[in-house]
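Coordinates from work-v9.cif are shown below (mmCIF, C-alpha atoms and all ligand atoms).
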```
data_final
loop_
_atom_site.group_PDB
_atom_site.id
_atom_site.type_symbol
_atom_site.label_atom_id
_atom_site.label_comp_id
_atom_site.auth_asym_id
_atom_site.auth_seq_id
_atom_site.Cartn_x
_atom_site.Cartn_y
_atom_site.Cartn_z
ATOM 1 C CA MET E 37 -41.205 61.240 -1.772
ATOM 2 C CA ALA E 38 -38.942 62.819 0.813
ATOM 3 C CA SER E 39 -41.230 62.795 3.828
ATOM 4 C CA GLY E 40 -44.857 62.242 4.529
ATOM 5 C CA LEU E 41 -47.279 60.193 6.547
ATOM 6 C CA LYS E 42 -47.944 56.503 6.173
ATOM 7 C CA VAL E 43 -51.084 54.395 6.642
ATOM 8 C CA THR E 44 -51.774 50.703 6.368
ATOM 9 C CA ALA E 45 -55.188 49.298 5.512
ATOM 10 C CA PRO E 46 -56.144 45.644 6.020
ATOM 11 C CA LEU E 47 -57.578 43.041 3.711
ATOM 12 C CA SER E 48 -61.192 42.138 4.370
ATOM 13 C CA ILE E 49 -63.681 39.452 3.469
ATOM 14 C CA SER E 50 -67.239 40.391 2.638
ATOM 15 C CA ASN E 51 -70.685 38.822 2.240
ATOM 16 C CA ILE E 52 -69.582 35.933 4.552
ATOM 17 C CA ASN E 53 -72.143 33.647 2.867
ATOM 18 C CA CYS E 54 -75.358 34.894 4.436
ATOM 19 C CA GLY E 55 -74.888 38.689 4.288
ATOM 20 C CA PHE E 56 -74.543 39.885 0.702
ATOM 21 C CA ASP E 57 -73.458 43.546 0.826
ATOM 22 C CA ALA E 58 -74.193 43.526 4.563
ATOM 23 C CA LEU E 59 -71.392 41.571 6.282
ATOM 24 C CA GLY E 60 -67.660 42.112 6.268
ATOM 25 C CA ALA E 61 -64.647 41.287 8.418
ATOM 26 C CA SER E 62 -61.231 42.846 8.660
ATOM 27 C CA LEU E 63 -58.250 40.474 8.494
ATOM 28 C CA SER E 64 -54.885 40.588 10.239
ATOM 29 C CA LEU E 65 -53.241 40.944 6.818
ATOM 30 C CA ILE E 66 -52.204 44.194 5.177
ATOM 31 C CA SER E 67 -53.655 45.122 1.815
ATOM 32 C CA ASP E 68 -52.312 48.612 1.159
ATOM 33 C CA GLN E 69 -49.506 50.746 2.431
ATOM 34 C CA ILE E 70 -49.933 54.371 1.394
ATOM 35 C CA ILE E 71 -47.539 57.249 1.894
ATOM 36 C CA GLY E 72 -48.767 60.767 1.241
ATOM 37 C CA ARG E 73 -48.011 64.430 1.728
ATOM 38 C CA ARG E 74 -49.684 67.762 1.134
ATOM 39 C CA MET E 75 -48.893 69.587 -2.091
ATOM 40 C CA ASN E 76 -49.301 73.209 -3.077
ATOM 41 C CA SER E 77 -51.604 72.523 -5.988
ATOM 42 C CA PRO E 78 -55.217 71.330 -5.835
ATOM 43 C CA GLY E 79 -56.369 67.765 -6.399
ATOM 44 C CA VAL E 80 -54.624 64.425 -6.093
ATOM 45 C CA LYS E 81 -51.444 63.210 -7.732
ATOM 46 C CA ILE E 82 -50.624 59.508 -7.605
ATOM 47 C CA ASN E 83 -46.856 59.401 -8.082
ATOM 48 C CA THR E 84 -46.349 55.628 -7.967
ATOM 49 C CA ILE E 85 -48.260 52.403 -7.565
ATOM 50 C CA THR E 86 -46.084 49.445 -6.668
ATOM 51 C CA GLY E 87 -46.661 45.853 -5.593
ATOM 52 C CA GLU E 88 -49.121 43.222 -6.771
ATOM 53 C CA GLY E 89 -51.243 44.031 -9.779
ATOM 54 C CA LYS E 90 -49.757 47.511 -10.053
ATOM 55 C CA HIS E 91 -50.649 47.634 -13.753
ATOM 56 C CA LEU E 92 -54.288 46.891 -12.969
ATOM 57 C CA VAL E 93 -54.736 50.131 -11.035
ATOM 58 C CA SER E 94 -54.833 53.540 -12.659
ATOM 59 C CA THR E 95 -52.673 56.460 -11.525
ATOM 60 C CA ASP E 96 -55.426 58.746 -12.826
ATOM 61 C CA PRO E 97 -56.954 59.928 -9.530
ATOM 62 C CA TYR E 98 -60.462 59.918 -11.060
ATOM 63 C CA GLN E 99 -60.106 56.206 -11.878
ATOM 64 C CA ASN E 100 -58.520 55.174 -8.603
ATOM 65 C CA THR E 101 -60.454 54.453 -5.386
ATOM 66 C CA ALA E 102 -57.793 56.251 -3.298
ATOM 67 C CA GLY E 103 -57.778 59.215 -5.669
ATOM 68 C CA VAL E 104 -61.557 59.634 -5.711
ATOM 69 C CA ALA E 105 -61.823 59.224 -1.927
ATOM 70 C CA ILE E 106 -59.345 62.084 -1.401
ATOM 71 C CA LEU E 107 -60.975 64.262 -4.068
ATOM 72 C CA ARG E 108 -64.277 63.852 -2.187
ATOM 73 C CA PHE E 109 -62.489 64.650 1.096
ATOM 74 C CA LEU E 110 -61.036 67.882 -0.361
ATOM 75 C CA GLU E 111 -64.427 68.868 -1.823
ATOM 76 C CA PHE E 112 -66.196 68.139 1.460
ATOM 77 C CA LEU E 113 -63.815 70.448 3.332
ATOM 78 C CA ASN E 114 -63.732 72.986 0.530
ATOM 79 C CA ILE E 115 -59.940 72.746 0.259
ATOM 80 C CA ARG E 116 -59.238 74.307 -3.132
ATOM 81 C CA THR E 117 -55.662 75.535 -3.108
ATOM 82 C CA GLU E 118 -53.877 72.473 -1.773
ATOM 83 C CA GLY E 119 -53.928 68.802 -2.614
ATOM 84 C CA VAL E 120 -52.375 65.460 -1.760
ATOM 85 C CA GLU E 121 -49.739 63.382 -3.481
ATOM 86 C CA LEU E 122 -49.522 59.661 -2.926
ATOM 87 C CA GLU E 123 -47.391 56.547 -3.226
ATOM 88 C CA ILE E 124 -49.480 53.385 -3.077
ATOM 89 C CA HIS E 125 -48.038 49.957 -2.387
ATOM 90 C CA LYS E 126 -50.401 47.032 -2.893
ATOM 91 C CA LYS E 127 -49.773 43.696 -1.200
ATOM 92 C CA VAL E 128 -52.744 42.053 -2.948
ATOM 93 C CA LYS E 129 -54.052 42.962 -6.347
ATOM 94 C CA CYS E 130 -57.446 44.510 -6.996
ATOM 95 C CA GLY E 131 -60.069 42.068 -8.214
ATOM 96 C CA SER E 132 -59.114 39.435 -5.631
ATOM 97 C CA GLY E 133 -62.307 39.637 -3.567
ATOM 98 C CA LEU E 134 -60.363 40.732 -0.498
ATOM 99 C CA GLY E 135 -61.332 44.382 -0.388
ATOM 100 C CA SER E 136 -58.170 45.713 -1.986
ATOM 101 C CA SER E 137 -60.004 48.633 -3.656
ATOM 102 C CA ALA E 138 -61.753 49.485 -0.390
ATOM 103 C CA ALA E 139 -58.390 49.395 1.397
ATOM 104 C CA SER E 140 -57.010 52.033 -0.988
ATOM 105 C CA ALA E 141 -60.059 54.229 -0.358
ATOM 106 C CA CYS E 142 -59.908 53.821 3.438
ATOM 107 C CA GLY E 143 -56.145 54.314 3.588
ATOM 108 C CA ALA E 144 -56.465 57.427 1.448
ATOM 109 C CA VAL E 145 -59.087 59.193 3.567
ATOM 110 C CA VAL E 146 -57.335 58.404 6.852
ATOM 111 C CA LEU E 147 -54.094 59.699 5.383
ATOM 112 C CA ALA E 148 -55.642 62.891 3.965
ATOM 113 C CA ASN E 149 -57.394 63.579 7.259
ATOM 114 C CA ALA E 150 -54.097 63.287 9.146
ATOM 115 C CA LEU E 151 -52.270 65.461 6.605
ATOM 116 C CA PHE E 152 -54.810 68.263 7.126
ATOM 117 C CA GLY E 153 -54.735 68.072 10.938
ATOM 118 C CA HIS E 154 -57.639 65.633 11.613
ATOM 119 C CA PRO E 155 -60.608 67.895 10.755
ATOM 120 C CA LEU E 156 -62.967 64.882 10.509
ATOM 121 C CA GLN E 157 -63.908 61.970 12.755
ATOM 122 C CA ASN E 158 -63.506 58.435 11.374
ATOM 123 C CA ARG E 159 -67.288 58.092 11.030
ATOM 124 C CA GLU E 160 -67.250 61.188 8.788
ATOM 125 C CA LEU E 161 -64.514 59.610 6.661
ATOM 126 C CA PHE E 162 -66.673 56.514 6.143
ATOM 127 C CA PRO E 163 -69.020 57.949 3.430
ATOM 128 C CA LEU E 164 -66.033 59.492 1.631
ATOM 129 C CA ALA E 165 -64.338 56.073 1.476
ATOM 130 C CA ILE E 166 -67.594 54.550 0.146
ATOM 131 C CA LEU E 167 -67.583 57.152 -2.654
ATOM 132 C CA GLY E 168 -64.014 56.090 -3.467
ATOM 133 C CA GLU E 169 -64.936 52.385 -3.493
ATOM 134 C CA TYR E 170 -67.714 53.205 -5.978
ATOM 135 C CA VAL E 171 -65.050 53.494 -8.712
ATOM 136 C CA ALA E 172 -64.313 49.769 -8.414
ATOM 137 C CA SER E 173 -67.761 48.304 -8.008
ATOM 138 C CA GLN E 174 -70.057 50.923 -9.572
ATOM 139 C CA ALA E 175 -72.313 50.478 -6.558
ATOM 140 C CA PHE E 176 -72.605 51.943 -3.081
ATOM 141 C CA HIS E 177 -71.850 49.102 -0.703
ATOM 142 C CA ALA E 178 -69.793 49.258 2.452
ATOM 143 C CA ASP E 179 -69.243 45.618 3.387
ATOM 144 C CA ASN E 180 -65.494 45.981 2.768
ATOM 145 C CA VAL E 181 -65.144 49.666 3.616
ATOM 146 C CA ALA E 182 -66.734 49.362 7.094
ATOM 147 C CA PRO E 183 -64.454 46.578 8.432
ATOM 148 C CA CYS E 184 -61.425 47.968 6.635
ATOM 149 C CA LEU E 185 -61.846 51.414 8.173
ATOM 150 C CA PHE E 186 -63.008 50.406 11.655
ATOM 151 C CA GLY E 187 -61.710 46.839 12.061
ATOM 152 C CA GLY E 188 -63.642 43.827 13.350
ATOM 153 C CA ILE E 189 -66.699 42.065 11.954
ATOM 154 C CA MET E 190 -69.257 44.614 10.781
ATOM 155 C CA LEU E 191 -72.914 44.470 9.868
ATOM 156 C CA VAL E 192 -73.902 47.176 7.404
ATOM 157 C CA ARG E 193 -77.634 47.565 7.995
ATOM 158 C CA ASP E 194 -78.082 50.534 5.676
ATOM 159 C CA THR E 195 -75.525 52.388 3.583
ATOM 160 C CA ARG E 196 -77.586 55.541 3.071
ATOM 161 C CA SER E 197 -78.064 56.279 6.757
ATOM 162 C CA LEU E 198 -74.613 54.833 7.494
ATOM 163 C CA SER E 199 -76.140 52.411 9.976
ATOM 164 C CA ILE E 200 -73.299 50.002 10.745
ATOM 165 C CA HIS E 201 -72.848 47.712 13.731
ATOM 166 C CA ARG E 202 -69.849 45.978 15.217
ATOM 167 C CA LEU E 203 -70.428 42.268 15.823
ATOM 168 C CA HIS E 204 -68.826 40.046 18.428
ATOM 169 C CA ILE E 205 -65.682 38.185 17.359
ATOM 170 C CA PRO E 206 -65.996 34.578 18.538
ATOM 171 C CA ASP E 207 -63.131 33.116 20.546
ATOM 172 C CA ASN E 208 -60.291 31.559 18.561
ATOM 173 C CA LEU E 209 -61.736 32.336 15.141
ATOM 174 C CA LEU E 210 -59.258 31.703 12.318
ATOM 175 C CA ILE E 211 -59.820 32.576 8.690
ATOM 176 C CA THR E 212 -58.158 30.648 5.902
ATOM 177 C CA ILE E 213 -57.861 32.582 2.674
ATOM 178 C CA VAL E 214 -57.174 30.916 -0.644
ATOM 179 C CA LEU E 215 -56.362 33.413 -3.359
ATOM 180 C CA PRO E 216 -56.431 31.866 -6.846
ATOM 181 C CA GLU E 217 -54.483 33.377 -9.712
ATOM 182 C CA LEU E 218 -57.659 34.601 -11.376
ATOM 183 C CA GLN E 219 -59.145 38.045 -11.588
ATOM 184 C CA ILE E 220 -62.811 38.912 -11.229
ATOM 185 C CA ILE E 221 -63.974 42.462 -11.870
ATOM 186 C CA THR E 222 -66.382 43.323 -9.062
ATOM 187 C CA SER E 223 -68.635 45.509 -11.208
ATOM 188 C CA GLU E 224 -69.023 42.645 -13.723
ATOM 189 C CA ALA E 225 -69.624 40.065 -11.004
ATOM 190 C CA ARG E 226 -72.429 42.296 -9.748
ATOM 191 C CA LYS E 227 -73.982 42.814 -13.162
ATOM 192 C CA MET E 228 -74.394 39.048 -13.585
ATOM 193 C CA LEU E 229 -76.658 38.774 -10.525
ATOM 194 C CA LYS E 230 -80.391 38.354 -11.014
ATOM 195 C CA PRO E 231 -82.249 41.371 -9.620
ATOM 196 C CA ASP E 232 -84.974 39.257 -7.966
ATOM 197 C CA VAL E 233 -84.863 36.729 -5.144
ATOM 198 C CA HIS E 234 -87.434 33.985 -4.561
ATOM 199 C CA LEU E 235 -89.435 34.230 -1.363
ATOM 200 C CA LYS E 236 -88.033 30.895 -0.115
ATOM 201 C CA GLN E 237 -84.465 32.059 -0.684
ATOM 202 C CA MET E 238 -85.184 35.316 1.129
ATOM 203 C CA VAL E 239 -86.544 33.431 4.151
ATOM 204 C CA ARG E 240 -83.562 31.071 4.354
ATOM 205 C CA GLN E 241 -80.987 33.817 3.829
ATOM 206 C CA SER E 242 -82.466 36.223 6.368
ATOM 207 C CA ALA E 243 -82.861 33.432 8.948
ATOM 208 C CA ASN E 244 -79.206 32.531 8.465
ATOM 209 C CA LEU E 245 -78.085 36.139 8.803
ATOM 210 C CA GLY E 246 -79.967 36.409 12.100
ATOM 211 C CA SER E 247 -78.532 33.161 13.432
ATOM 212 C CA PHE E 248 -75.042 34.148 12.246
ATOM 213 C CA VAL E 249 -75.168 37.202 14.540
ATOM 214 C CA LEU E 250 -76.407 35.051 17.435
ATOM 215 C CA ALA E 251 -73.728 32.433 16.806
ATOM 216 C CA LEU E 252 -71.004 35.075 17.024
ATOM 217 C CA GLU E 253 -72.457 36.460 20.271
ATOM 218 C CA ARG E 254 -72.628 33.012 21.824
ATOM 219 C CA ASN E 255 -69.321 31.643 20.487
ATOM 220 C CA ASP E 256 -71.527 28.869 19.129
ATOM 221 C CA TYR E 257 -69.526 27.242 16.336
ATOM 222 C CA GLU E 258 -72.249 24.706 15.582
ATOM 223 C CA LEU E 259 -74.797 27.434 14.917
ATOM 224 C CA LEU E 260 -72.137 29.410 13.039
ATOM 225 C CA SER E 261 -71.554 26.448 10.773
ATOM 226 C CA ALA E 262 -75.271 26.030 10.101
ATOM 227 C CA SER E 263 -75.639 29.758 9.377
ATOM 228 C CA LEU E 264 -72.745 30.039 6.933
ATOM 229 C CA GLN E 265 -74.779 29.243 3.851
ATOM 230 C CA ASP E 266 -75.513 31.284 0.787
ATOM 231 C CA HIS E 267 -78.726 30.397 -1.037
ATOM 232 C CA VAL E 268 -78.745 33.447 -3.288
ATOM 233 C CA ILE E 269 -75.387 34.693 -4.572
ATOM 234 C CA GLU E 270 -73.074 31.677 -4.433
ATOM 235 C CA PRO E 271 -75.083 29.583 -6.929
ATOM 236 C CA GLN E 272 -74.841 32.480 -9.402
ATOM 237 C CA ARG E 273 -71.089 33.041 -9.008
ATOM 238 C CA ALA E 274 -69.769 29.522 -8.361
ATOM 239 C CA HIS E 275 -68.936 28.979 -12.043
ATOM 240 C CA LEU E 276 -66.369 31.816 -11.893
ATOM 241 C CA ILE E 277 -64.074 29.628 -9.761
ATOM 242 C CA PRO E 278 -63.015 26.329 -11.390
ATOM 243 C CA GLY E 279 -63.901 23.368 -9.141
ATOM 244 C CA PHE E 280 -65.732 25.586 -6.648
ATOM 245 C CA TYR E 281 -67.961 22.911 -5.063
ATOM 246 C CA GLU E 282 -65.061 20.443 -4.957
ATOM 247 C CA ILE E 283 -62.961 23.083 -3.171
ATOM 248 C CA LYS E 284 -65.689 23.567 -0.577
ATOM 249 C CA GLU E 285 -65.975 19.840 -0.067
ATOM 250 C CA ALA E 286 -62.208 19.602 0.512
ATOM 251 C CA ALA E 287 -62.415 22.387 3.097
ATOM 252 C CA PHE E 288 -65.252 20.682 4.981
ATOM 253 C CA LYS E 289 -63.385 17.349 4.893
ATOM 254 C CA ALA E 290 -60.487 19.135 6.591
ATOM 255 C CA GLY E 291 -62.919 20.166 9.347
ATOM 256 C CA VAL E 292 -63.774 23.827 8.716
ATOM 257 C CA THR E 293 -66.824 25.510 10.241
ATOM 258 C CA GLY E 294 -67.838 27.201 7.017
ATOM 259 C CA CYS E 295 -66.507 28.152 3.628
ATOM 260 C CA GLY E 296 -67.504 30.429 0.770
ATOM 261 C CA ILE E 297 -66.569 33.024 -1.795
ATOM 262 C CA SER E 298 -64.998 36.161 -0.351
ATOM 263 C CA GLY E 299 -66.782 39.170 -1.805
ATOM 264 C CA SER E 300 -67.256 38.666 -5.508
ATOM 265 C CA GLY E 301 -64.284 36.285 -5.621
ATOM 266 C CA PRO E 302 -62.093 34.709 -6.786
ATOM 267 C CA SER E 303 -60.753 34.369 -3.222
ATOM 268 C CA LEU E 304 -62.338 31.808 -0.961
ATOM 269 C CA PHE E 305 -62.473 31.941 2.806
ATOM 270 C CA ALA E 306 -62.986 29.267 5.434
ATOM 271 C CA PHE E 307 -63.664 29.668 9.159
ATOM 272 C CA SER E 308 -62.190 27.350 11.779
ATOM 273 C CA ARG E 309 -60.924 27.569 15.338
ATOM 274 C CA ASN E 310 -57.858 25.407 15.211
ATOM 275 C CA THR E 311 -54.572 26.241 13.464
ATOM 276 C CA SER E 312 -53.994 22.780 12.071
ATOM 277 C CA ILE E 313 -57.515 22.686 10.556
ATOM 278 C CA ALA E 314 -57.057 26.215 9.148
ATOM 279 C CA GLU E 315 -53.745 25.281 7.506
ATOM 280 C CA GLU E 316 -54.804 21.826 6.334
ATOM 281 C CA ALA E 317 -58.003 23.232 4.814
ATOM 282 C CA GLY E 318 -56.013 25.832 2.914
ATOM 283 C CA LEU E 319 -53.710 23.198 1.431
ATOM 284 C CA ALA E 320 -56.635 20.920 0.566
ATOM 285 C CA MET E 321 -58.441 23.781 -1.206
ATOM 286 C CA GLN E 322 -55.236 24.714 -3.013
ATOM 287 C CA ARG E 323 -54.781 21.109 -4.207
ATOM 288 C CA VAL E 324 -58.222 21.121 -5.818
ATOM 289 C CA LEU E 325 -57.509 24.405 -7.590
ATOM 290 C CA LYS E 326 -54.219 22.999 -8.858
ATOM 291 C CA LYS E 327 -56.074 19.989 -10.233
ATOM 292 C CA HIS E 328 -58.129 22.517 -12.191
ATOM 293 C CA LYS E 329 -54.878 24.148 -13.386
ATOM 294 C CA VAL E 330 -55.229 27.240 -11.207
ATOM 295 C CA GLU E 331 -52.320 28.271 -8.975
ATOM 296 C CA SER E 332 -53.176 29.886 -5.654
ATOM 297 C CA ARG E 333 -51.815 31.353 -2.457
ATOM 298 C CA VAL E 334 -52.926 30.314 1.036
ATOM 299 C CA MET E 335 -52.984 32.653 4.028
ATOM 300 C CA VAL E 336 -54.288 32.135 7.551
ATOM 301 C CA ALA E 337 -55.468 35.183 9.463
ATOM 302 C CA ARG E 338 -57.327 36.310 12.552
ATOM 303 C CA ILE E 339 -59.892 39.082 12.712
ATOM 304 C CA ASP E 340 -58.146 42.427 13.019
ATOM 305 C CA SER E 341 -59.823 44.916 15.329
ATOM 306 C CA GLU E 342 -57.877 48.045 14.409
ATOM 307 C CA GLY E 343 -58.829 48.685 10.787
ATOM 308 C CA THR E 344 -56.904 51.362 8.927
ATOM 309 C CA VAL E 345 -53.934 52.556 10.933
ATOM 310 C CA LEU E 346 -51.910 55.757 10.734
ATOM 311 C CA HIS E 347 -48.220 55.192 11.518
HETATM 312 N N1 LIG U 1 -70.683 42.587 -1.640
HETATM 313 C C1 LIG U 1 -69.888 42.848 -2.786
HETATM 314 C C2 LIG U 1 -70.223 41.829 -3.877
HETATM 315 C C3 LIG U 1 -68.439 42.777 -2.441
HETATM 316 O O1 LIG U 1 -70.300 40.651 -3.565
HETATM 317 O O2 LIG U 1 -70.389 42.217 -5.025
HETATM 318 C C4 LIG U 1 -67.538 43.040 -3.587
HETATM 319 O O3 LIG U 1 -66.232 43.188 -3.144
#
```
Write the structure described by the file as structure tokens, please.
Amino acid sequence: MASGLKVTAPLSISNINCGFDALGASLSLISDQIIGRRMNSPGVKINTITGEGKHLVSTDPYQNTAGVAILRFLEFLNIRTEGVELEIHKKVKCGSGLGSSAASACGAVVLANALFGHPLQNRELFPLAILGEYVASQAFHADNVAPCLFGGIMLVRDTRSLSIHRLHIPDNLLITIVLPELQIITSEARKMLKPDVHLKQMVRQSANLGSFVLALERNDYELLSASLQDHVIEPQRAHLIPGFYEIKEAAFKAGVTGCGISGSGPSLFAFSRNTSIAEEAGLAMQRVLKKHKVESRVMVARIDSEGTVLH
């Protein structure tokens, strides 16, 4: 593509143990780099997809989170004679549990908005990105889209009314990411979940979500550690990651504050506030995966507060 505009969209973790579909955090690591330009025919054309897992993502705009997000954008603005063509470069493959599909959707709407002269505010782009993300998960949830678009740690109180809230980022928070060479399809990892929750589980989970928010506000790592527990989803998905409980144990031995599955997996995340703990935990978790014959990649990040950025 000769010229055009470029956006970058970050990786994100979601659920964060106690907030299934409600909590997400943007990471200081890029997921997608998208270049786009206006074209004189309607719709979306995805010219190339490069990078990790390029064969896992469709260039058919109706099957691609970026494609659908822009189609919804064009419909919303009633733009019928022009369209957008794209080049997508993925740094992390879809199905990693790090919000890669959401990043494509967020990058796409920010890019399209810039290409058409910024007719919409970012908060108006938010529902369009959620519609794009629907292609990957077959559900309307914004726990990756919200942090990816706006940056920071976000609480999604309600997707329908778009009630989202920025949470405090505690001092010195580091996030270790361990990305195993496995792929989990989000829509399938959602289908396997039981539709009902026991009353006791509901009480524990909601208490932890409340104390998680307080812990962030107060920079209280002890309370954060106690709150980072998942009594509902983790027990149902743990079997998808070989050696999952052993991996968690290795992370806690290395001194992390909390550890869990990122999104629907297979990535794992761990919180800490010290670089040597963050790095050591990553290596310890990686060693356990290797013992279970799964290769993995370790990354250490901070919370990113910018979200999707137009360059
Ligand atoms: N909250 C979603 C889930 C995130 O766990 O299914 C998927 O990326």
Go ahead and compute the interatomic distance for CA of Ser50 (chain E) and CA of Ala274 (chain E), in Å to one decimal.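 Going from CA of Ser50 (chain E) over to CA of Ala274 (chain E) covers 15.7 Å.
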Any idea what the distance is between CA of His347 (chain E) and CA of Val120 (chain E)?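 So the answer is 17.3 Å.
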Would you kindly translate the PyMOL selection byres (((not hetatm)) within 10 of (chain U and resi 1)) into the concrete residues it picks from this file, as a PyMOL selection string? chain E and resi 48-53+55-60+130-138+169+172-181+220-229+269-270+273+297-301
Answer as a count of residues only, residues within 8 Å of (-55.9, 56.6, -3.6) using all atoms listed in the file: 15
With all atoms listed in the file as the atoms that count, which of E:His204, E:Arg338, E:Arg74, E:Arg254 lies nearest to Thr117 (chain E)?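 Selected residue with least distance to Thr117 (chain E): E:Arg74.
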Which residue out of E:Val171, E:Cys54, E:Val43, E:Cys184 has the minimum interatomic distance to Gln99 (chain E) when all atoms listed in the file are used?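 With all atoms listed in the file as the atom set, the closest residue is E:Val171.
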Shortest contact to Val345 (chain E), candidates E:Ile70, E:Ala286, E:Leu235, E:Met321, atoms counted all atoms listed in the file, goes to E:Ile70
Long-range neighbours of His267 (chain E) as JSON, numbers by chain, 10 Å cut-off, only C-alpha atoms, 2 positions minimum in chain: {"E": [53, 54, 233, 236, 237, 238, 239, 240, 241, 244, 264, 265, 269, 270, 271, 272]}
Can you pull out the residues contacting Ile283 (chain E)? Cut-off 8 Å, using only C-alpha atoms, and skip same-chain residues under 4 positions away; I want them as a ChimeraX atom specification. /E:279,287,320-322,324-325
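Here CA of Glu253 (chain E) is placed at a distance of 14.9 Å from CA of Ile339 (chain E).
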